[in-house]
Each structure stands twice: as C-alpha cells, then as structure tokens.
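Text of the file work.cif, holding mmCIF, C-alpha atoms and all ligand atoms:
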```
data_final
#
loop_
_atom_site.label_atom_id
_atom_site.label_comp_id
_atom_site.auth_asym_id
_atom_site.auth_seq_id
_atom_site.Cartn_x
_atom_site.Cartn_y
_atom_site.Cartn_z
CA MET A 25 -72.16 57.64 35.56
CA LYS A 26 -68.60 58.75 36.12
CA LYS A 27 -67.34 59.28 39.65
CA LYS A 28 -64.25 61.20 40.60
CA LEU A 29 -62.69 61.33 44.04
CA LEU A 30 -59.80 63.69 44.77
CA ILE A 31 -57.89 63.29 48.03
CA ILE A 32 -57.19 66.73 49.50
CA VAL A 33 -55.85 65.85 52.97
CA ASP A 34 -54.58 62.52 54.24
CA ASN A 35 -51.81 61.10 56.42
CA TYR A 36 -50.21 59.62 53.31
CA GLU A 37 -48.45 61.18 50.35
CA TYR A 38 -49.40 60.38 46.77
CA GLU A 39 -48.47 63.43 44.65
CA LYS A 40 -45.46 65.65 45.34
CA GLY A 41 -45.90 69.31 46.25
CA LEU A 42 -48.81 68.69 48.59
CA LYS A 43 -48.76 68.49 52.37
CA THR A 44 -49.73 65.47 54.42
CA ASP A 45 -51.41 65.77 57.80
CA TRP A 46 -53.13 63.61 60.38
CA GLY A 47 -56.60 64.17 58.95
CA PHE A 48 -58.86 63.52 56.00
CA SER A 49 -60.58 65.51 53.28
CA ALA A 50 -61.73 64.51 49.80
CA LEU A 51 -63.82 65.94 46.98
CA LEU A 52 -66.35 63.68 45.29
CA GLU A 53 -67.79 64.62 41.92
CA VAL A 54 -70.66 62.78 40.27
CA GLU A 55 -72.42 64.22 37.21
CA GLY A 56 -71.41 67.76 38.15
CA LEU A 57 -72.51 67.38 41.78
CA ARG A 58 -69.62 68.22 44.08
CA ILE A 59 -69.52 66.97 47.64
CA LEU A 60 -66.69 67.96 49.93
CA PHE A 61 -66.15 65.15 52.43
CA ASP A 62 -64.48 66.40 55.63
CA LEU A 63 -62.03 69.27 55.97
CA GLY A 64 -58.66 68.01 57.17
CA ASN A 65 -56.87 69.02 60.35
CA GLU A 66 -54.52 72.05 60.12
CA PRO A 67 -56.37 74.87 58.34
CA GLU A 68 -53.13 76.02 56.63
CA ILE A 69 -52.49 72.57 55.20
CA PHE A 70 -56.07 72.26 53.98
CA ALA A 71 -55.81 75.71 52.34
CA HIS A 72 -52.39 74.89 50.83
CA ASN A 73 -53.56 71.67 49.23
CA ILE A 74 -56.84 73.20 48.03
CA GLU A 75 -54.85 75.89 46.25
CA LYS A 76 -52.22 73.53 44.80
CA LEU A 77 -54.92 71.19 43.54
CA GLY A 78 -56.88 74.07 42.00
CA VAL A 79 -60.08 73.19 43.85
CA ASN A 80 -62.71 75.91 43.67
CA LEU A 81 -64.55 75.74 46.99
CA SER A 82 -67.28 78.12 45.86
CA ASP A 83 -68.49 75.37 43.48
CA VAL A 84 -69.04 72.81 46.24
CA ASP A 85 -72.71 71.78 46.43
CA TYR A 86 -72.66 69.92 49.75
CA LEU A 87 -70.32 69.77 52.70
CA PHE A 88 -70.36 66.35 54.35
CA ILE A 89 -68.90 66.29 57.86
CA SER A 90 -68.45 62.65 58.91
CA HIS A 91 -67.89 63.54 62.57
CA TYR A 92 -66.72 66.47 64.63
CA ASP A 93 -63.16 65.34 65.43
CA SER A 94 -60.69 68.16 64.87
CA ASP A 95 -58.81 66.22 62.17
CA HIS A 96 -61.99 66.29 60.04
CA ILE A 97 -63.22 69.86 60.51
CA GLY A 98 -59.96 71.86 60.53
CA GLY A 99 -60.70 73.68 57.27
CA LEU A 100 -64.30 74.60 58.19
CA TRP A 101 -63.74 78.36 58.61
CA HIS A 102 -61.62 78.51 55.48
CA PHE A 103 -64.40 76.75 53.60
CA LEU A 104 -67.13 79.06 54.93
CA LYS A 105 -65.22 82.09 53.70
CA ARG A 106 -65.14 80.72 50.17
CA ASN A 107 -68.49 79.02 49.88
CA ASP A 108 -71.71 80.73 50.90
CA SER A 109 -74.41 78.27 49.97
CA ALA A 110 -73.58 74.58 50.36
CA PRO A 111 -75.79 72.79 52.90
CA ILE A 112 -73.75 71.13 55.64
CA LEU A 113 -74.52 67.54 56.57
CA VAL A 114 -73.48 66.58 60.09
CA PRO A 115 -74.07 63.52 62.26
CA TYR A 116 -76.53 63.88 65.13
CA ASN A 117 -74.36 64.77 68.12
CA PRO A 118 -75.92 66.90 70.88
CA GLU A 119 -72.46 67.94 72.08
CA PHE A 120 -72.05 70.08 68.97
CA GLN A 121 -75.43 71.78 68.99
CA ASP A 122 -73.72 75.13 69.67
CA LEU A 123 -71.57 74.82 66.58
CA ASN A 124 -74.63 73.95 64.47
CA GLU A 125 -76.49 76.96 65.87
CA LYS A 126 -73.54 79.19 65.09
CA LEU A 127 -73.41 77.92 61.51
CA ARG A 128 -77.12 78.58 61.13
CA GLU A 129 -77.35 81.92 62.87
CA GLU A 130 -74.02 83.59 62.19
CA TYR A 131 -73.31 82.06 58.81
CA GLY A 132 -76.86 81.58 57.53
CA ARG A 133 -76.15 77.95 56.71
CA GLU A 134 -78.51 75.10 56.18
CA VAL A 135 -77.28 72.45 58.62
CA VAL A 136 -78.77 69.02 58.03
CA VAL A 137 -78.46 66.91 61.16
CA VAL A 138 -78.34 63.29 60.06
CA SER A 139 -79.49 60.36 62.20
CA GLU A 140 -81.11 58.05 59.67
CA PRO A 141 -79.88 57.25 56.14
CA ILE A 142 -80.71 60.00 53.62
CA PRO A 143 -80.00 60.64 49.94
CA ILE A 144 -77.58 63.42 49.01
CA GLY A 145 -78.37 65.36 45.84
CA PRO A 146 -80.69 64.08 43.09
CA ARG A 147 -81.97 60.56 43.81
CA ASN A 148 -80.84 59.22 40.43
CA LEU A 149 -77.20 59.77 41.45
CA ASN A 150 -77.50 57.11 44.17
CA ILE A 151 -75.41 58.90 46.78
CA PHE A 152 -76.42 58.53 50.43
CA SER A 153 -75.45 59.01 54.02
CA THR A 154 -75.49 55.87 56.16
CA GLY A 155 -76.99 57.82 59.06
CA VAL A 156 -75.28 57.49 62.42
CA VAL A 157 -74.25 53.84 62.51
CA SER A 158 -73.31 54.03 66.16
CA ALA A 159 -72.99 56.86 68.67
CA PHE A 160 -70.16 54.98 70.34
CA PRO A 161 -67.36 56.02 70.71
CA ARG A 162 -68.83 59.08 68.98
CA PRO A 163 -71.48 59.68 66.37
CA GLU A 164 -70.24 59.35 62.80
CA HIS A 165 -71.94 58.89 59.47
CA SER A 166 -70.37 57.77 56.20
CA LEU A 167 -71.17 58.28 52.55
CA TYR A 168 -72.05 55.48 50.14
CA LEU A 169 -72.67 55.50 46.42
CA LEU A 170 -73.50 53.11 43.64
CA GLY A 171 -71.13 52.22 40.82
CA GLN A 172 -71.07 49.50 38.17
CA GLN A 173 -69.15 47.16 40.51
CA GLY A 174 -71.46 47.77 43.45
CA TRP A 175 -71.71 50.14 46.37
CA SER A 176 -68.66 52.00 47.66
CA ILE A 177 -68.18 53.64 51.03
CA ILE A 178 -66.26 56.79 51.92
CA ALA A 179 -65.63 57.05 55.65
CA GLY A 180 -63.85 59.49 57.93
CA CYS A 181 -62.43 57.53 60.85
CA SER A 182 -64.80 54.52 60.94
CA HIS A 183 -65.27 54.95 64.70
CA PRO A 184 -68.40 52.72 64.59
CA LYS A 185 -66.01 50.04 63.14
CA VAL A 186 -65.40 49.30 59.47
CA TRP A 187 -67.41 46.05 59.51
CA ASN A 188 -70.46 47.67 61.16
CA ILE A 189 -70.50 50.43 58.55
CA ALA A 190 -70.09 47.85 55.77
CA GLU A 191 -72.94 45.75 57.27
CA ARG A 192 -75.19 48.80 57.47
CA VAL A 193 -74.60 49.59 53.78
CA LYS A 194 -75.10 45.96 52.72
CA GLU A 195 -78.38 45.89 54.65
CA LEU A 196 -79.60 49.18 53.21
CA THR A 197 -78.70 48.22 49.65
CA LYS A 198 -79.46 44.49 49.91
CA SER A 199 -75.95 43.76 48.59
CA ASP A 200 -73.62 40.91 49.45
CA HIS A 201 -70.45 42.94 49.05
CA ILE A 202 -68.91 46.41 49.14
CA ASP A 203 -66.96 47.42 46.05
CA MET A 204 -64.54 49.90 47.69
CA TYR A 205 -64.13 51.12 51.25
CA ILE A 206 -62.09 54.32 51.27
CA GLY A 207 -61.08 56.25 54.38
CA GLY A 208 -59.65 55.84 57.85
CA TYR A 209 -60.09 52.36 59.34
CA HIS A 210 -58.95 53.50 62.79
CA PHE A 211 -56.68 50.53 63.50
CA TYR A 212 -53.65 52.60 64.44
CA ARG A 213 -53.75 51.59 68.09
CA LEU A 214 -54.16 47.87 67.39
CA LYS A 215 -51.27 45.43 67.70
CA GLY A 216 -50.62 41.71 67.27
CA GLN A 217 -53.61 39.38 67.33
CA GLU A 218 -56.07 42.22 67.84
CA LEU A 219 -54.90 43.81 64.62
CA LYS A 220 -54.97 40.52 62.72
CA ASP A 221 -58.53 39.89 63.90
CA ALA A 222 -59.63 43.36 62.84
CA VAL A 223 -58.11 42.94 59.37
CA LYS A 224 -59.81 39.53 59.07
CA LYS A 225 -63.15 41.12 59.91
CA VAL A 226 -62.62 43.68 57.15
CA VAL A 227 -62.13 40.92 54.59
CA GLU A 228 -65.06 38.91 55.97
CA SER A 229 -67.37 41.89 55.74
CA GLY A 230 -67.25 41.59 51.95
CA ILE A 231 -65.11 44.60 51.12
CA ARG A 232 -63.62 43.79 47.70
CA ARG A 233 -61.23 46.71 47.37
CA SER A 234 -59.62 48.56 50.24
CA GLY A 235 -58.55 52.18 50.18
CA ALA A 236 -57.46 52.23 53.81
CA CYS A 237 -55.79 55.51 54.70
CA HIS A 238 -55.80 58.27 57.33
CA CYS A 239 -56.02 56.69 60.83
CA THR A 240 -55.65 53.10 59.63
CA GLY A 241 -52.07 52.94 60.94
CA ASN A 242 -48.99 51.85 59.02
CA GLU A 243 -48.93 48.29 60.28
CA ALA A 244 -52.60 47.71 59.47
CA ARG A 245 -52.18 49.32 56.08
CA GLU A 246 -49.26 47.02 55.24
CA LEU A 247 -51.27 44.00 56.34
CA LEU A 248 -54.26 45.06 54.22
CA LYS A 249 -51.93 45.70 51.26
CA GLU A 250 -50.57 42.17 51.58
CA ILE A 251 -54.02 40.60 51.75
CA TYR A 252 -55.74 42.73 49.13
CA GLY A 253 -52.84 42.75 46.64
CA GLU A 254 -53.96 44.47 43.46
CA ASN A 255 -57.27 45.27 45.13
CA PHE A 256 -55.54 47.56 47.57
CA ILE A 257 -56.06 51.15 46.47
CA GLU A 258 -53.19 53.41 47.38
CA ILE A 259 -54.81 56.49 48.87
CA GLY A 260 -52.81 59.61 49.61
CA VAL A 261 -52.85 63.35 49.13
CA GLY A 262 -53.41 64.26 45.48
CA ARG A 263 -54.71 60.87 44.41
CA VAL A 264 -57.54 61.01 41.90
CA LEU A 265 -59.75 57.95 41.64
CA GLU A 266 -62.13 57.62 38.73
CA TRP A 267 -64.68 54.89 38.26
CA TYR A 268 -68.11 54.24 36.81
FE FE B 301 -59.62 60.99 61.98
FE FE B 302 -62.10 60.60 64.32
#
```
Translate this file's structure into structure tokens.
Ligand SMILES: [Fe+2]
Ligand SMILES: [Fe+2]
Amino acid sequence: MKKKLLIIVDNYEYEKGLKTDWGFSALLEVEGLRILFDLGNEPEIFAHNIEKLGVNLSDVDYLFISHYDSDHIGGLWHFLKRNDSAPILVPYNPEFQDLNEKLREEYGREVVVVSEPIPIGPRNLNIFSTGVVSAFPRPEHSLYLLGQQGWSIIAGCSHPKVWNIAERVKELTKSDHIDMYIGGYHFYRLKGQELKDAVKKVVESGIRRSGACHCTGNEARELLKEIYGENFIEIGVGRVLEWY
C-alpha cells in the first residue's frame, strides 16, 4: 500500500517558492484516503503553500489536530471555508471545549475527541491515533501507520516526549522498532549535555529513521543528522515522501 506525505508548512525549506514558518502541516495520502495533519501557524502562509502545492482542501477526508498550539491550528478557518465535511480529530483537552463546541454548532462539524488510541479510516489501512500519550505539558496525540519496514509516526511537537510516543506505539503494535519518526521533536530549548541525552534517548527508543523538523531546533537537528547519516530524512516545506 503506497503512502505519500507532503509537507505543507514547516520551519525548514525544501522546495523553492514556498514559505517557511514556525509551525507544521502535512498531507498524508494512503489508498485515496487523505488526512490533513495540523494546519501551520500563519494563515496566509498556510494558504500560500496550499495554493502553490495545488492541494485541494475540499478532498480532505479527515483533519487531524495533534494539539491546540497556535503553530498547529493557524490554517483552521481557511480549511473550514474550503472543506465542509471532514471529521476533525482532536486530543482530549478540556481547555478547548469551547472551540470544539463552536466547530460542532456553528460549523456543523463532527469533532472526535481522542483520549485512547483509535483507528482512522478503514481498518485495513492501518492508520491510527496514539491517543493522548500524556497531558503534560499539554495533551497531544500523534498518528502512526504501518508500512513494509514497520510502523511510522507523524507527530506535531512531541510535547509528551519523542521516546514516550515511540514507546506507546511499540507497545500498541508489539514492535521492537519504529521505522520513521517525522515531526517536531521539541528539543529547541535544550543545550549541551541535556541535548545530547535527549538525542541518545531518541536512538535508544528504536527509531530507525528520523525526520526531525519543526520545533526540533537547529542544533538538535544537526546532531541527529550526524548520528542517523543516510537514515536522516530531510523534512522541509514541499518535501514529498513516498513509501510502501
Ligand atoms: Fe509546534
Ligand atoms: Fe506545540
């Protein structure tokens, strides 16, 4: 089963003509099922890249919101204007009950509040939400899906920590490794030994290929690049990843 991931918003550049931003958004396509993962930060940048990349938002089947930070939901209103049917998956976070109500009542949306792991789309596609791995520092869920090389994870900011999310997926899938871990690793504030320890924990958690981007931080990204070598996946705006 072919998988395609298109990076719409990220801190890093990959293709010219697109705008970078502190935020994340990506479109996942598996067997015709289209899942929009997060919505970037600045609405204008999200809209600009969507247009340049020729993404048709009305075709999106599910909107996956990893967490409610502004750098992940910036394009929400733009999206709602162009898509009138996709269910919206959000992590359980009582602080954002009002927003969920608004989406339901004013926009007539199906809002799926996720606490526990759930499948997304037809079961045979093997695409899931991790459920809220930890509510600290804020509730976040990630997406994981099965490929020929094992399970891959797509994460927003990894606030519950990369290794905890990886452990959760390994537990749920009874796997000993994670094929790819794509998304923000949230190491941008770490320095020195703390950063080295965090990077070590990433490797020890069985992540075979790293697509660290967004809020990973430049120093952490360089360190991961060094360690992972050819297994470091350069993620940036406009990148298309295809795998089976
Ligand atoms: Fe973020
Ligand atoms: Fe965040």
Can I get the residues of chain A within 7 Å of ligand FE 302 (chain B), each with the closest pair of atoms and their distance in Å to one decimal, using all atoms listed in the file, sorted chain first then ascending number, as a Markdown table?
```
| residue | atom | partner | partner_atom | distance |
| --- | --- | --- | --- | --- |
| A:His91 | CA | B:FE302 | FE | 6.7 |
| A:Asp93 | CA | B:FE302 | FE | 5.0 |
| A:Asp95 | CA | B:FE302 | FE | 6.9 |
| A:Gly180 | CA | B:FE302 | FE | 6.7 |
| A:Cys181 | CA | B:FE302 | FE | 4.6 |
| A:His183 | CA | B:FE302 | FE | 6.5 |
```
Can I get the residues of range 94-138 of chain A within 10 Å of range 164-172 of chain A, each with the closest pair of atoms and their distance in Å to one decimal, using all atoms listed in the file, sorted chain first then ascending number, as a tab-separated table?
```
residue	atom	partner	partner_atom	distance
A:Leu113	CA	A:His165	CA	9.5
A:Val114	CA	A:His165	CA	7.9
A:Pro115	CA	A:Glu164	CA	5.7
A:Tyr116	CA	A:Glu164	CA	8.1
A:Asn117	CA	A:Glu164	CA	8.6
A:Val138	CA	A:His165	CA	7.8
```
Take the residues just selected and output them with C-alpha atoms as a tab-separated table (two decimals), in the frame of the given file.
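Done, and the output landed in selection23.tsv:
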```tsv
chain	number	residue	atom	x	y	z
A	113	LEU	CA	-74.52	67.54	56.57
A	114	VAL	CA	-73.48	66.58	60.09
A	115	PRO	CA	-74.07	63.52	62.26
A	116	TYR	CA	-76.53	63.88	65.13
A	117	ASN	CA	-74.36	64.77	68.12
A	138	VAL	CA	-78.34	63.29	60.06
```
### Query
Could you pull the residues within 10 Å of Trp46 in chain A, counting only C-alpha atoms, minus those fewer than 3 positions along the same chain, as a VMD selection string?
chain A and resid 33 to 36 64 to 66 94 to 96 238 to 239
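Of note, CA of Phe70 in chain A and CA of Leu42 in chain A are spaced 9.7 Å apart.
Going from CA of Ser229 in chain A over to CA of Glu55 in chain A, you cover 29.5 Å.
The spacing separating CA of Leu214 in chain A from CA of Ile257 in chain A amounts to 21.3 Å.
In terms of minimum interatomic distance to ligand FE 301 (chain B), A:Ala179 ranks closest within A:Ala179, A:Val186, A:Val226, A:Leu81, counting all atoms listed in the file.
Considering only C-alpha atoms, the residue among A:Ser153, A:Gly235, A:Asp85, A:Met204 positioned nearest to Pro141 in chain A is A:Ser153.
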Using all atoms listed in the file, determine which residues lie at most 10 Å from Asn80 in chain A, disregarding the query and same-chain residues fewer than 5 positions distant; provide the list as an mmCIF file with C-alpha atoms, in the coordinates of the input.
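Now in around.cif:
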```
data_model
loop_
_atom_site.group_PDB
_atom_site.id
_atom_site.type_symbol
_atom_site.label_atom_id
_atom_site.label_comp_id
_atom_site.auth_asym_id
_atom_site.auth_seq_id
_atom_site.Cartn_x
_atom_site.Cartn_y
_atom_site.Cartn_z
ATOM 1 C CA ILE A 74 -56.840 73.200 48.030
ATOM 2 C CA GLU A 75 -54.850 75.890 46.250
ATOM 3 C CA ARG A 106 -65.140 80.720 50.170
ATOM 4 C CA ASN A 107 -68.490 79.020 49.880
#
```
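The nearest approach to Gly260 in chain A among the residues A:Leu30, A:Ala110, A:Lys185, A:Met25, with all atoms listed in the file taken into account, belongs to A:Leu30.
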### Query
Neighbours of Tyr252 in chain A within 10 Å (only C-alpha atoms; same-chain residues fewer than 6 positions away dropped), as a VMD selection string?
chain A and resid 227 231 to 235 246
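Among A:Tyr209, A:Ser90, A:Val135, A:Glu129, the residue with the shortest atom-to-atom distance to Pro111 in chain A, counting only C-alpha atoms, is A:Val135.
Closest approach to ligand FE 301 (chain B) among A:Pro161, A:Pro184, A:Gly47, A:Gly230: A:Gly47, based on only C-alpha atoms and all ligand atoms.
Between Leu60 in chain A and the candidates A:Lys43, A:Lys28, A:His210, A:Lys249, the tightest atom-to-atom separation, counting all atoms listed in the file, involves A:Lys28.
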#### Entry: All residues 9 Å or closer to Val193 in chain A, only C-alpha atoms, same chain fewer than 3 positions away omitted, as a ChimeraX atom specification
/A:154,168,175-177,188-190,196-199,202
### Query
How would you write as JSON, numbers by chain the residues that get within 10 Å of (-79.0, 60.5, 43.6) in the file's frame, counting all atoms listed in the file?
{"A": [54, 55, 57, 143, 144, 145, 146, 147, 148, 149, 150, 151, 152, 169, 170]}
Just the selected residues (C-alpha atoms), exported as a compact mmCIF listing (two decimals), keeping the file's coordinate frame, please.
```txt
# COMPACT_ATOMS: atom_id res chain seq x y z
CA VAL A 54 -70.66 62.78 40.27
CA GLU A 55 -72.42 64.22 37.21
CA LEU A 57 -72.51 67.38 41.78
CA PRO A 143 -80.00 60.64 49.94
CA ILE A 144 -77.58 63.42 49.01
CA GLY A 145 -78.37 65.36 45.84
CA PRO A 146 -80.69 64.08 43.09
CA ARG A 147 -81.97 60.56 43.81
CA ASN A 148 -80.84 59.22 40.43
CA LEU A 149 -77.20 59.77 41.45
CA ASN A 150 -77.50 57.11 44.17
CA ILE A 151 -75.41 58.90 46.78
CA PHE A 152 -76.42 58.53 50.43
CA LEU A 169 -72.67 55.50 46.42
CA LEU A 170 -73.50 53.11 43.64
```
